[in-house]
Every structure is written in structure tokens, then in C-alpha cells.
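What follows is the content of query-v5.cif, which has mmCIF, C-alpha atoms:
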```cif
data_data
#
loop_
_atom_site.label_atom_id
_atom_site.label_comp_id
_atom_site.auth_asym_id
_atom_site.auth_seq_id
_atom_site.Cartn_x
_atom_site.Cartn_y
_atom_site.Cartn_z
CA MET A 48 78.95 -27.15 28.33
CA PRO A 49 81.76 -26.41 25.82
CA GLN A 50 80.97 -23.70 23.33
CA ASN A 51 81.22 -24.20 19.59
CA ASN A 52 83.99 -21.86 18.43
CA THR A 53 83.60 -22.72 14.74
CA PRO A 54 83.18 -19.45 12.79
CA THR A 55 79.89 -18.95 10.97
CA ILE A 56 79.73 -18.60 7.20
CA ARG A 57 79.12 -14.89 7.59
CA GLN A 58 82.13 -14.48 9.87
CA VAL A 59 84.37 -16.46 7.52
CA TRP A 60 83.46 -14.43 4.44
CA THR A 61 83.46 -11.12 6.27
CA ALA A 62 87.01 -11.80 7.41
CA ALA A 63 88.03 -12.93 3.92
CA LEU A 64 86.62 -9.84 2.23
CA GLN A 65 88.40 -7.59 4.72
CA THR A 66 91.73 -8.89 3.42
CA HIS A 67 92.80 -6.97 0.32
CA TYR A 68 94.38 -9.98 -1.41
CA THR A 69 91.45 -12.31 -0.80
CA ARG A 70 88.86 -9.70 -1.73
CA TYR A 71 90.69 -8.89 -4.96
CA LYS A 72 90.99 -12.53 -6.00
CA ILE A 73 87.36 -13.31 -5.19
CA LEU A 74 85.87 -10.30 -6.94
CA SER A 75 88.17 -10.21 -9.96
CA GLY A 76 87.98 -13.98 -10.44
CA SER A 77 84.18 -13.94 -10.26
CA PHE A 78 84.03 -11.08 -12.76
CA ILE A 79 86.32 -12.80 -15.26
CA VAL A 80 84.34 -16.06 -15.02
CA ALA A 81 81.12 -14.12 -15.64
CA VAL A 82 82.63 -12.52 -18.76
CA ILE A 83 83.85 -15.87 -20.10
CA LEU A 84 80.52 -17.60 -19.46
CA SER A 85 78.62 -14.78 -21.16
CA ALA A 86 80.84 -15.15 -24.25
CA LEU A 87 80.62 -18.96 -24.48
CA PRO A 88 77.25 -19.16 -26.29
CA LEU A 89 78.69 -17.18 -29.21
CA PHE A 90 81.81 -19.35 -29.30
CA PHE A 91 79.88 -22.62 -29.19
CA ASN A 92 77.48 -21.36 -31.85
CA GLN A 93 80.41 -20.84 -34.21
CA ILE A 94 81.99 -24.18 -33.34
CA GLN A 95 78.75 -26.02 -34.00
CA LYS A 96 78.61 -24.67 -37.56
CA ARG A 97 81.99 -26.02 -38.67
CA GLU A 98 82.79 -29.46 -39.99
CA GLY A 99 85.41 -31.71 -38.45
CA VAL A 100 86.64 -35.28 -38.62
CA VAL A 101 85.14 -38.38 -37.06
CA LEU A 102 87.66 -40.44 -35.12
CA ASN A 103 87.87 -44.22 -35.24
CA ASP A 104 87.44 -44.84 -31.53
CA LEU A 105 87.93 -48.50 -30.64
CA VAL A 106 86.49 -48.07 -27.14
CA LEU A 107 83.27 -46.49 -28.36
CA ALA A 108 82.97 -49.18 -31.02
CA TYR A 109 82.49 -51.77 -28.26
CA LEU A 110 80.03 -49.66 -26.24
CA ILE A 111 76.35 -49.66 -27.13
CA PRO A 112 75.06 -46.06 -26.71
CA HIS A 113 72.66 -45.47 -23.83
CA ASN A 114 71.08 -42.35 -22.38
CA VAL A 115 72.60 -42.00 -18.92
CA SER A 116 72.05 -38.24 -18.62
CA ILE A 117 70.40 -38.44 -15.21
CA ALA A 118 73.36 -40.32 -13.72
CA ILE A 119 75.81 -37.82 -15.25
CA PHE A 120 73.89 -34.85 -13.87
CA ALA A 121 73.56 -36.49 -10.46
CA CYS A 122 77.34 -36.92 -10.20
CA ILE A 123 78.24 -33.47 -11.50
CA TRP A 124 75.71 -31.42 -9.56
CA GLY A 125 76.09 -33.52 -6.45
CA MET A 126 79.83 -32.85 -6.39
CA ALA A 127 79.28 -29.20 -7.32
CA GLY A 128 77.03 -28.89 -4.29
CA LEU A 129 79.67 -30.47 -2.07
CA VAL A 130 82.52 -28.20 -3.19
CA PHE A 131 80.23 -25.17 -2.87
CA TYR A 132 79.36 -26.21 0.68
CA ARG A 133 83.04 -26.63 1.58
CA ALA A 134 83.84 -23.25 0.03
CA LEU A 135 81.26 -21.57 2.25
CA TYR A 136 83.51 -22.31 5.22
CA LYS A 137 86.81 -21.84 3.39
CA PRO A 138 86.98 -19.08 0.75
CA GLU A 139 90.39 -20.34 -0.41
CA ILE A 140 88.60 -23.28 -2.01
CA TYR A 141 86.46 -20.88 -4.01
CA ILE A 142 89.51 -18.87 -5.07
CA HIS A 143 91.38 -21.95 -6.26
CA TYR A 144 88.29 -23.22 -8.06
CA VAL A 145 87.32 -20.01 -9.83
CA TRP A 146 90.84 -19.07 -10.98
CA THR A 147 91.60 -22.57 -12.23
CA LEU A 148 88.23 -22.56 -14.00
CA ILE A 149 89.27 -19.38 -15.81
CA PHE A 150 92.38 -20.99 -17.26
CA ILE A 151 90.59 -24.27 -17.99
CA SER A 152 87.96 -22.36 -19.96
CA ILE A 153 90.66 -20.53 -21.92
CA ALA A 154 92.46 -23.81 -22.56
CA ARG A 155 89.26 -25.45 -23.83
CA ILE A 156 88.52 -22.54 -26.15
CA ILE A 157 92.01 -22.92 -27.62
CA THR A 158 91.99 -26.72 -27.95
CA ILE A 159 88.43 -26.86 -29.33
CA SER A 160 89.36 -24.18 -31.87
CA ILE A 161 92.45 -26.10 -32.97
CA VAL A 162 91.09 -29.66 -32.87
CA SER A 163 88.10 -29.72 -35.21
CA LEU A 164 86.03 -32.84 -34.56
CA ASN A 165 82.58 -34.05 -35.46
CA PRO A 166 80.68 -35.90 -32.71
CA PRO A 167 81.15 -39.66 -32.27
CA ILE A 168 78.90 -42.03 -34.16
CA GLY A 169 75.95 -43.04 -31.99
CA LEU A 170 76.00 -39.91 -29.84
CA VAL A 171 72.99 -39.55 -27.56
CA GLU A 172 72.38 -35.86 -26.94
CA LEU A 173 73.00 -34.63 -23.41
CA VAL A 174 70.75 -31.73 -22.50
CA ASP A 175 71.43 -30.06 -19.16
CA PRO A 176 68.72 -27.52 -18.21
CA ILE A 177 71.17 -25.75 -15.88
CA THR A 178 74.40 -25.43 -17.86
CA GLY A 179 72.42 -25.24 -21.10
CA VAL A 180 72.16 -21.49 -20.62
CA PHE A 181 75.93 -21.21 -21.18
CA TYR A 182 75.50 -22.99 -24.51
CA GLY A 183 72.85 -20.54 -25.67
CA ASN A 184 70.11 -23.05 -24.78
CA THR A 185 71.04 -25.13 -27.83
CA VAL A 186 72.51 -28.61 -28.06
CA VAL A 187 76.25 -28.40 -28.68
CA THR A 188 77.98 -31.59 -29.79
CA LYS A 189 81.30 -30.36 -31.21
CA ASP A 190 82.92 -29.00 -28.02
CA LEU A 191 84.90 -32.22 -27.82
CA PHE A 192 88.61 -31.89 -27.04
CA PHE A 193 88.98 -31.83 -24.14
CA SER A 194 85.93 -32.95 -22.14
CA GLY A 195 84.42 -30.11 -20.10
CA HIS A 196 82.36 -32.48 -17.97
CA THR A 197 85.45 -34.48 -17.02
CA ALA A 198 87.44 -31.29 -16.46
CA THR A 199 84.78 -29.98 -14.07
CA MET A 200 84.78 -33.19 -12.05
CA VAL A 201 88.58 -33.33 -11.83
CA LEU A 202 88.75 -29.67 -10.76
CA ILE A 203 86.18 -30.27 -8.01
CA CYS A 204 88.13 -33.29 -6.80
CA LEU A 205 91.38 -31.30 -6.70
CA CYS A 206 89.78 -28.41 -4.79
CA LEU A 207 88.29 -30.64 -2.10
CA GLU A 208 90.59 -31.02 0.89
CA LYS A 209 89.14 -33.72 3.13
CA LYS A 210 90.30 -37.25 2.36
CA SER A 211 86.76 -38.61 2.40
CA ASP A 212 85.64 -35.85 0.02
CA LYS A 213 88.48 -36.63 -2.36
CA ILE A 214 87.63 -40.33 -2.38
CA ILE A 215 84.00 -39.54 -3.19
CA GLY A 216 85.15 -37.06 -5.81
CA ALA A 217 87.49 -39.56 -7.44
CA ILE A 218 84.76 -42.20 -7.64
CA ALA A 219 82.28 -39.68 -9.07
CA THR A 220 84.85 -38.48 -11.60
CA LEU A 221 85.58 -41.99 -12.84
CA ALA A 222 81.84 -42.65 -13.04
CA VAL A 223 81.27 -39.55 -15.18
CA MET A 224 84.17 -40.46 -17.48
CA VAL A 225 82.67 -43.91 -18.10
CA LEU A 226 79.13 -42.56 -18.47
CA LEU A 227 80.22 -39.98 -21.03
CA LEU A 228 81.66 -42.78 -23.15
CA ILE A 229 78.55 -44.93 -22.70
CA GLN A 230 76.44 -42.05 -24.02
CA HIS A 231 79.01 -41.45 -26.81
CA ILE A 232 79.18 -37.75 -25.94
CA HIS A 233 82.97 -37.70 -26.19
CA TYR A 234 85.78 -39.64 -27.78
CA THR A 235 88.01 -41.59 -25.42
CA ILE A 236 90.89 -39.16 -26.00
CA ASP A 237 88.67 -36.23 -24.94
CA VAL A 238 87.94 -37.90 -21.62
CA LEU A 239 91.44 -39.24 -20.92
CA ALA A 240 93.22 -35.98 -21.75
CA ALA A 241 91.11 -33.83 -19.42
CA PRO A 242 92.53 -35.02 -16.06
CA PHE A 243 96.13 -34.41 -17.15
CA ILE A 244 95.42 -30.96 -18.57
CA VAL A 245 93.35 -29.89 -15.57
CA TYR A 246 95.94 -31.15 -13.07
CA ILE A 247 98.70 -29.14 -14.77
CA ILE A 248 96.54 -26.01 -14.88
CA PHE A 249 95.48 -26.47 -11.25
CA ARG A 250 99.05 -26.83 -10.00
CA LEU A 251 100.26 -23.82 -12.00
CA THR A 252 97.32 -21.69 -10.87
CA LYS A 253 97.85 -22.65 -7.24
CA TYR A 254 101.56 -21.83 -7.55
CA PHE A 255 100.94 -18.38 -9.00
CA LEU A 256 98.22 -17.61 -6.46
CA LYS A 257 100.60 -18.55 -3.66
CA ARG A 258 103.41 -16.53 -5.23
CA ASP A 259 101.12 -13.54 -5.68
CA HIS A 260 100.04 -13.84 -2.05
CA THR A 261 103.62 -13.27 -0.86
CA ARG A 262 103.67 -9.79 -2.34
CA GLN A 263 102.94 -6.76 -0.22
CA TRP A 264 99.42 -5.44 -0.61
#
```

Could you express the structure from this file as C-alpha cells?
Amino acid sequence: MPQNNTPTIRQVWTAALQTHYTRYKILSGSFIVAVILSALPLFFNQIQKREGVVLNDLVLAYLIPHNVSIAIFACIWGMAGLVFYRALYKPEIYIHYVWTLIFISIARIITISIVSLNPPIGLVELVDPITGVFYGNTVVTKDLFFSGHTATMVLICLCLEKKSDKIIGAIATLAVMVLLLIQHIHYTIDVLAAPFIVYIIFRLTKYFLKRDHTRQW
């Protein structure tokens, strides 16, 4: 009988960590993400205290608010599980994800700081028991431009490599974008801007990672 020559997860990651470039990107990227995530509760606490403007959103005006939190979480954590599973067998996926996430987080901190908005009228609070820890276990409603939920979904979709995975990711991303509006968690501009910003950051990050890889280590 033919033998299965597919490397195990342990073999894949052992080989990856033996390469100086890959080990450096994995460890340093993971450390930077940990630092950013640990600082986010303080940032969101300050953002929540300030006053902003309420936008006249024509799309939200036609949507009756509903609590669709379960559907949102199902899409986000389902796709997160898929990209994590794929990354177990291909560390490059993890590297692209974590380093793009770093720059997305920085971009969101900048844009949220500049664009001061109050939550949409009719907002139904979205409480995630998992990611809530990064918000200081409090409900944050003013982290609006641009949408972090949409950004996460788009990033996952971009990191996935199989065509079938990307199709599933695209459908899940569109679903989350619509659901966020139904729950009035974000303004339409928050949701629509995220894919463009994330795509630009992803392409630039991938370019610099590839360029950095060509150097002698």
C-alpha cells in the first residue's frame, strides 16, 4: 500500500522553527501582537469616554435592528478555526496573518483616534465572551472606523489559499458585513472601508515579508 508522505504538524513546525527567518518572524510577530492586544483595553477605555458625532446613515435607517450576535460569532470563529487549521500545516499562513494583523491593529488605532464617532442609533450591543477580554471585559461601542470584525474576516479570507476555502471565506465575510449592519454595530462606511484598507495592508505586508526573505540571514 502507498505510504502517506504528508508531513505531520510537528514536522512542519519543527522545520519552520529551524529556519532563522521563519523562526524570527513567528516569534517576533507573536510577541508584538501580544503587546498590542495587552494595550488595547486601555485604548478602548479612553475611546469609550469621548464624545463623537452620529452619522446620518441611509442604509441603517432602512434596517430594523436585530440581535444577530450568534450568527456573527459563528461566522467569525468558524473561519478563525479554519485558518488556524490551515496554518498548522503551513506556517507561512500564520506569518502572513500575524504580521498583517499587527499593521491592521495599528491602522485601526490611528483611524479610530482620528475619526471620533458615537455609535449608530438603534445599536444592539454585541458581547463576545472570547474577544471581550481584549476590550477589558467591557462593552465598547465607539471603536467604529474601520470595522474590526469585517477586517478580521477579510484578513482570514486573504490568508486562505485553497479556492474552496476562499469561496467559503468570501461568503462568510459578506454575511458578517450584512449582520453587523442589521445589528447596527457599525455605520455602513465602517464596514465598506475595511476590505479596501485590509487588502492594501495585506499586499504591502506580503511584499515586505517577501523582500525581507531575500536577504541573507

Would you tabulate, counting all atoms listed in the file, all residues of segment 123-220 of chain A that have an atom at most 9 Å from an atom of segment 242-257 of chain A, showing the closest pair of atoms and their distance in Å to one decimal, sorted by chain then ascending number, as CSV?
```
residue,atom,partner,partner_atom,distance
A:Ile142,CA,A:Leu256,CA,8.9
A:His143,CA,A:Lys253,CA,6.6
A:Tyr144,CA,A:Phe249,CA,8.5
A:Trp146,CA,A:Thr252,CA,7.0
A:Thr147,CA,A:Phe249,CA,5.6
A:Leu148,CA,A:Phe249,CA,8.7
A:Phe150,CA,A:Ile248,CA,6.9
A:Ile151,CA,A:Val245,CA,6.7
A:Ala154,CA,A:Ile244,CA,8.7
A:Phe193,CA,A:Ile244,CA,8.6
A:Thr197,CA,A:Pro242,CA,7.2
A:Ala198,CA,A:Val245,CA,6.1
A:Thr199,CA,A:Val245,CA,8.7
A:Met200,CA,A:Pro242,CA,8.9
A:Val201,CA,A:Pro242,CA,6.0
A:Leu202,CA,A:Val245,CA,6.7
A:Leu205,CA,A:Phe249,CA,7.8
A:Cys206,CA,A:Phe249,CA,8.8
```

Show which residues sit within 12 Å of Ser163 of chain A, as a compact mmCIF listing (two decimals) with C-alpha atoms, keeping the file's coordinate frame. Count only C-alpha atoms, and ignore same-chain residues fewer than 4 positions away.
```txt
# COMPACT_ATOMS: atom_id res chain seq x y z
CA GLN A 93 80.41 -20.84 -34.21
CA ILE A 94 81.99 -24.18 -33.34
CA GLN A 95 78.75 -26.02 -34.00
CA LYS A 96 78.61 -24.67 -37.56
CA ARG A 97 81.99 -26.02 -38.67
CA GLU A 98 82.79 -29.46 -39.99
CA GLY A 99 85.41 -31.71 -38.45
CA VAL A 100 86.64 -35.28 -38.62
CA VAL A 101 85.14 -38.38 -37.06
CA LEU A 102 87.66 -40.44 -35.12
CA ILE A 156 88.52 -22.54 -26.15
CA ILE A 157 92.01 -22.92 -27.62
CA THR A 158 91.99 -26.72 -27.95
CA ILE A 159 88.43 -26.86 -29.33
CA THR A 188 77.98 -31.59 -29.79
CA LYS A 189 81.30 -30.36 -31.21
CA ASP A 190 82.92 -29.00 -28.02
CA LEU A 191 84.90 -32.22 -27.82
CA PHE A 192 88.61 -31.89 -27.04
CA PHE A 193 88.98 -31.83 -24.14
```

Give as a ChimeraX atom specification the residues that the PyMOL selection byres ((chain A and resi 217) around 12) matches when applied to the coordinates above.
/A:122-123,126,197,199-207,210-216,218-224,242

Best match for closeness to Ala108 of chain A among A:Gly169, A:Val238, A:Ser194, A:Ala62, counting all atoms listed in the file:
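With all atoms listed in the file as the atom set, the closest residue is A:Gly169.
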
Figure out the distance between atom CA of Tyr136 of chain A and atom CA of Val59 of chain A, please, to one decimal in Å.
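That distance, rounded to one decimal, is 6.3 Å.
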
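Distance-wise, atom CA of Thr69 of chain A and atom CA of Ile153 of chain A end up 22.7 Å apart.
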
Which is closest to Leu227 of chain A among A:Val145, A:Ala63, A:Ala81, A:Ala118, if we use all atoms listed in the file?
A:Ala118

Go through A:Ala241, A:Ile79, A:Leu228, A:Leu64 one by one, measure the shortest atom-to-atom distance of each to Leu110 of chain A using only C-alpha atoms, and give the residue with the smallest value.
A:Leu228

Atom pair atom CA of Gly76 of chain A / atom CA of Tyr132 of chain A: separation (Å)
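It comes out at 18.6 Å.
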
If we count only C-alpha atoms, what is near Phe131 of chain A at a cut-off of 8 Å, once residues fewer than 4 positions away on the same chain are taken out, given as a PyMOL selection string?
chain A and resi 127+135+141

Using only C-alpha atoms, can you tell me which of A:Lys72, A:Pro166, A:Ala240, A:Leu226 comes closest to Ala121 of chain A?
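Residue with the minimum atom-to-atom distance to Ala121 of chain A: A:Leu226.
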
For the structure provided, state which residues fall under the PyMOL selection byres ((chain A and resi 107) around 8), and present them as a list in words.
Asp104, Leu105, Val106, Ala108, Tyr109, Leu110, Ile111, Leu228, Ile229, His231, Tyr234 and Thr235 of chain A

Under the rule that all atoms listed in the file are counted, which of A:Ile236, A:Val187, A:Ile149, A:Leu164 is the nearest residue to Val80 of chain A?
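Once distances to Val80 of chain A are computed over all atoms listed in the file, the minimum belongs to A:Ile149.
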
Calculate, to one decimal in Å, the centre and edge lengths of the box along x, y and z of the file that holds all listed atoms of segment 66-75 of chain A with 3 Å of margin on each side, and present them as lines of an AutoDock Vina configuration file.
```
center_x = 90.1
center_y = -10.1
center_z = -3.3
size_x = 14.5
size_y = 12.3
size_z = 19.4
```

Which residue out of A:Leu87, A:Ser160, A:Thr185, A:Pro112 has the minimum interatomic distance to His233 of chain A when only C-alpha atoms are used?
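Comparing A:Leu87, A:Ser160, A:Thr185, A:Pro112 against His233 of chain A, the winner is A:Pro112.
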